[in-house]
Structures are given as structure tokens and as C-alpha cells.
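S.K.: Okay, handing you the structure first.
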Amino acid sequence: MVEKIEASHPISDRDNPNHHQSSLGLSALTQDQLNTLIAQAKVKCQGGQLPTYIPLLAQANPGWVAVQVQRIQGERVAGGDINRSFPLMSVIKPFVLLFLLEQLGTEAVFSQVGMEASDQPFNSLAQLQADRGKPRNPMINSGAIALAGRLPGKDGASRCETLRQWLNQRSQSQLVLDEAMLQSVRSLPNERNHAIANLLATSGYLDHPEIALDTYNHICCLSGTVTDLAQLGMLLVQDNSMISPEHCRMVNDILITCGLYQASSRFATDVGLPTKSGVSGAMVSIVPSQGAIACYSPALDEMGNSQAGLFI
Ligand code: GLN
């Protein structure tokens, strides 16, 4: 019997132990089912908002939806606006963490940043103040800016290039730096991120706040398609000889509790997949031992997560 996907049965539900269809897994997903989900997601994203603080992001079409499902066993399934390129924004954060864990080891990384969940927005200064200047986790801006300060290289451009090459080589993705997006990020002052970087510096978690901030802005503008994002996601799925399984597991564990900001705990209960979102509408979910789901849809909910991405 051909199984029919209903609105209540998105891809990410297929592995939720709380759902009786969980045994299906990613391998059973067909192109027709994905097309149905994308059509439903296009309706879901209608109420979403585009961010205004990065002018170029505000020019996206809120109706775009692209999905690529990459499976360890079996071919890819992709649908929607899959040729659209988008900046990763905060979706780069788990991959910065992975890079630094591989380069510096766990002790060096977690002396700079915690792994506790936060119920504050992604750019919260109050959270950093409450934590006396130590970033609570690497998935919010304070943690990612602190980690950007640990990337090797003399300036933002060279650090970003080192990370880009490392990721492209290991994941066979083709990320590029979107210079126009970087200009757009720089075109309006981001007082909050500046204040975060300055507090990190005075609390001893950052040596050169301006370089760290510039690095952070660069890496947020690394861009690609859902194909690139799914490939990146596979770095966190496979036991591949180039990445330590222990580091993969750590990043996944942190994503479960911190990947979607204030929505993390709700999503962990409802869906249970390590997932990261970005303000561009990018989102990647890891399906352990099975594959990765990459989505792009720029319309956001009030917490800054892609509406269609959460649905898919
Ligand atoms: N560059 C963005 C910022 O710091 C990234 C944030 C995000 O994607 N949530 O505001």
C-alpha cells in the first residue's frame, strides 16, 4: 500500500520515537511525498517575516522553499527552489564548533564557551551579562563570536577562507563567500553584536573583539544551496575517518538543546533531531545514522527560525 503523507506527518517526524510511524525513516521518503510536503510548506510560510536588519535578506522572496534530503544509503531527494543560493548565517555555528574541536580539542574549546541551553534570543546581551561574560553555548551569538576569535588567521577574511576550505574539502560542498551579503551585514551597525564582543573582551574570553566580530560576519556570509547544506550536514552524520565520532556526537548533543534558540526544548520534545537554523531561513537537521535534511525558506517565525523549515 502506498503510504500517504499528511500535513501532520512531515519528514522530521519520521524518526520521532513518540510517533508510531518512526520505523519508516528517511529511506522510505519518495519524491512525490517530498513534493507534497513542499506544497504544504509553501502555505505554512505565508505568515512569516523577513529580517530587516540585514537589508539584502529583506529582499528574499518569502515564498521560496527548497529542501534536500541526503541519505547515507540511497540517493538524494530534493525539491522546490533548489537552485537558490543563500548565506548560512547562524547555521555556520555548529561547523565552526566542529572545526575548532578538531583543531584544538575539547578542553581548549569548552574553556571558552559553555554548553548550557539558553531561553533568551540568539543575540541576547542580558544572557551574557547574567553569565558574567562567559558565553553560554556556541549556538548563540556570544558563543559563536568567542569561537570566531579562536579561528586561525590574521583577519576575518583569512580566517573565513581557512574554514571555508576545510569544510568544502571534507564535505564536498561548494561554499562561497557572498561579498554582497557581507557588505549588507556591514551596512547597518549591529550594536548588539558589538556590545557582546566588547563584554567578551572585558571578561577575558576574547583578545581582539574587532577581528572576532569581522570573522563572525564573514563566516555568516558563507553561502551555498540546499545541496551544499545537506553535504555539510552529512559531516555530522557519518562516522567518516576525517572527523572524530566523539566530536560529531558533542556537536549533535549541543544542537539538540541549543540549535533553535528559545524553541530548542519544544522542538527537542516534538521532533528530537539535532537541528540548526539561521536568520536567512537556512536550516539543517541531522538524522543520526541515516542522513541530513537541508531546508531553505526565508520567512521566519518570531524566534528567528524558518517557518517552513520547522514544518518540514
Ligand atoms: N549574522 C547574524 C547575526 O548575528 C546571524 C544570526 C542568525 O542567523 N540567527 O545577527
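The chains in the C-alpha cells are called A, B, ... from first to last as shown; in each chain the residues are counted from 1, and the ligands are counted from 1 in the order shown.
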Please write out the residues within 10 Å of ligand 1 as a PyMOL selection string, counting only C-alpha atoms and all ligand atoms.
M.R.: chain A and resi 51+53-54+87-93+121-123+139-142+144-145+182+185-186+190+192-194+213+216-221+260-261+276-283+303-305
S.K.: Please list as a count of residues only every residue within 7 Å of range 60-67 of chain A, counting only C-alpha atoms and excluding residues in the same chain fewer than 5 positions away.
M.R.: 17
S.K.: Expressed in Å to a single decimal, how great is the separation between CA of Val237 in chain A and CA of Met181 in chain A?
M.R.: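 Going from CA of Val237 in chain A over to CA of Met181 in chain A covers 29.1 Å.
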S.K.: Among range 187-297 of chain A, which ones does DSSP assign to strand (DSSP E or B) (computed from the backbone)? Answer as a short mmCIF file (atom, residue, chain, number, x, y, z; two decimals) with N, CA, C and O atoms, in the first residue's frame.
M.R.:
```cif
data_model
loop_
_atom_site.label_atom_id
_atom_site.label_comp_id
_atom_site.auth_asym_id
_atom_site.auth_seq_id
_atom_site.Cartn_x
_atom_site.Cartn_y
_atom_site.Cartn_z
N LEU A 222 29.10 32.88 4.45
CA LEU A 222 29.41 31.71 3.60
C LEU A 222 28.07 31.20 3.07
O LEU A 222 27.10 31.04 3.82
N SER A 223 28.04 30.97 1.77
CA SER A 223 26.76 30.71 1.10
C SER A 223 26.82 29.48 0.23
O SER A 223 27.89 29.08 -0.24
N GLY A 224 25.66 28.91 -0.01
CA GLY A 224 25.54 27.75 -0.90
C GLY A 224 24.08 27.43 -1.12
O GLY A 224 23.20 28.23 -0.76
N THR A 275 19.24 20.08 15.22
CA THR A 275 18.85 20.99 14.13
C THR A 275 19.44 22.37 14.38
O THR A 275 19.53 22.80 15.52
N LYS A 276 19.85 23.04 13.31
CA LYS A 276 20.33 24.43 13.44
C LYS A 276 19.65 25.31 12.42
O LYS A 276 19.51 24.93 11.25
N SER A 277 19.25 26.49 12.87
CA SER A 277 18.61 27.45 11.98
C SER A 277 19.47 28.70 11.86
O SER A 277 20.36 28.93 12.67
N ALA A 282 17.84 29.46 6.49
CA ALA A 282 18.52 28.16 6.33
C ALA A 282 18.25 27.30 7.55
O ALA A 282 18.11 27.81 8.67
N MET A 283 18.18 25.99 7.33
CA MET A 283 18.01 25.07 8.46
C MET A 283 18.55 23.70 8.07
O MET A 283 18.34 23.25 6.94
N VAL A 284 19.25 23.06 8.99
CA VAL A 284 19.73 21.71 8.72
C VAL A 284 19.40 20.82 9.92
O VAL A 284 19.53 21.25 11.06
N SER A 285 18.90 19.61 9.62
CA SER A 285 18.63 18.62 10.67
C SER A 285 19.47 17.38 10.41
O SER A 285 19.64 16.97 9.26
N ILE A 286 19.94 16.80 11.49
CA ILE A 286 20.73 15.58 11.40
C ILE A 286 19.84 14.41 11.82
O ILE A 286 19.20 14.47 12.86
N VAL A 287 19.77 13.39 10.99
CA VAL A 287 19.02 12.18 11.35
C VAL A 287 20.07 11.10 11.62
O VAL A 287 20.64 10.54 10.68
N GLY A 291 20.97 10.25 7.73
CA GLY A 291 21.24 11.29 6.75
C GLY A 291 20.99 12.68 7.30
O GLY A 291 20.93 12.88 8.51
N ALA A 292 20.85 13.62 6.38
CA ALA A 292 20.66 15.02 6.77
C ALA A 292 19.54 15.62 5.92
O ALA A 292 19.33 15.24 4.77
N ILE A 293 18.82 16.57 6.52
CA ILE A 293 17.75 17.28 5.81
C ILE A 293 18.13 18.75 5.79
O ILE A 293 18.30 19.36 6.85
N ALA A 294 18.30 19.31 4.59
CA ALA A 294 18.63 20.74 4.46
C ALA A 294 17.43 21.47 3.90
O ALA A 294 16.80 21.00 2.94
N CYS A 295 17.09 22.60 4.50
CA CYS A 295 15.95 23.41 4.04
C CYS A 295 16.40 24.85 3.88
O CYS A 295 17.27 25.32 4.60
N TYR A 296 15.75 25.52 2.95
CA TYR A 296 15.89 26.97 2.86
C TYR A 296 14.53 27.56 2.58
O TYR A 296 13.86 27.19 1.59
#
```
S.K.: Looking at A:Ser244, A:Thr269, A:Ser187, A:Ser27, which one is nearest to Leu100 in chain A, with distances taken over only C-alpha atoms?
M.R.: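 Smallest distance to Leu100 in chain A is found for A:Ser244.
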S.K.: Give the answer as one residue: which of A:Leu97, A:Ile312, A:Val271, A:Leu57 has the shortest atom-to-atom distance to Gln183 in chain A, using only C-alpha atoms?
M.R.: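 Smallest separation from Gln183 in chain A among the options: A:Leu57.
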S.K.: Quick check, in Å to one decimal: how far apart do CA of Leu26 in chain A and CA of Arg76 in chain A lie?
M.R.: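 One can read the CA of Leu26 in chain A to CA of Arg76 in chain A distance as 10.3 Å.
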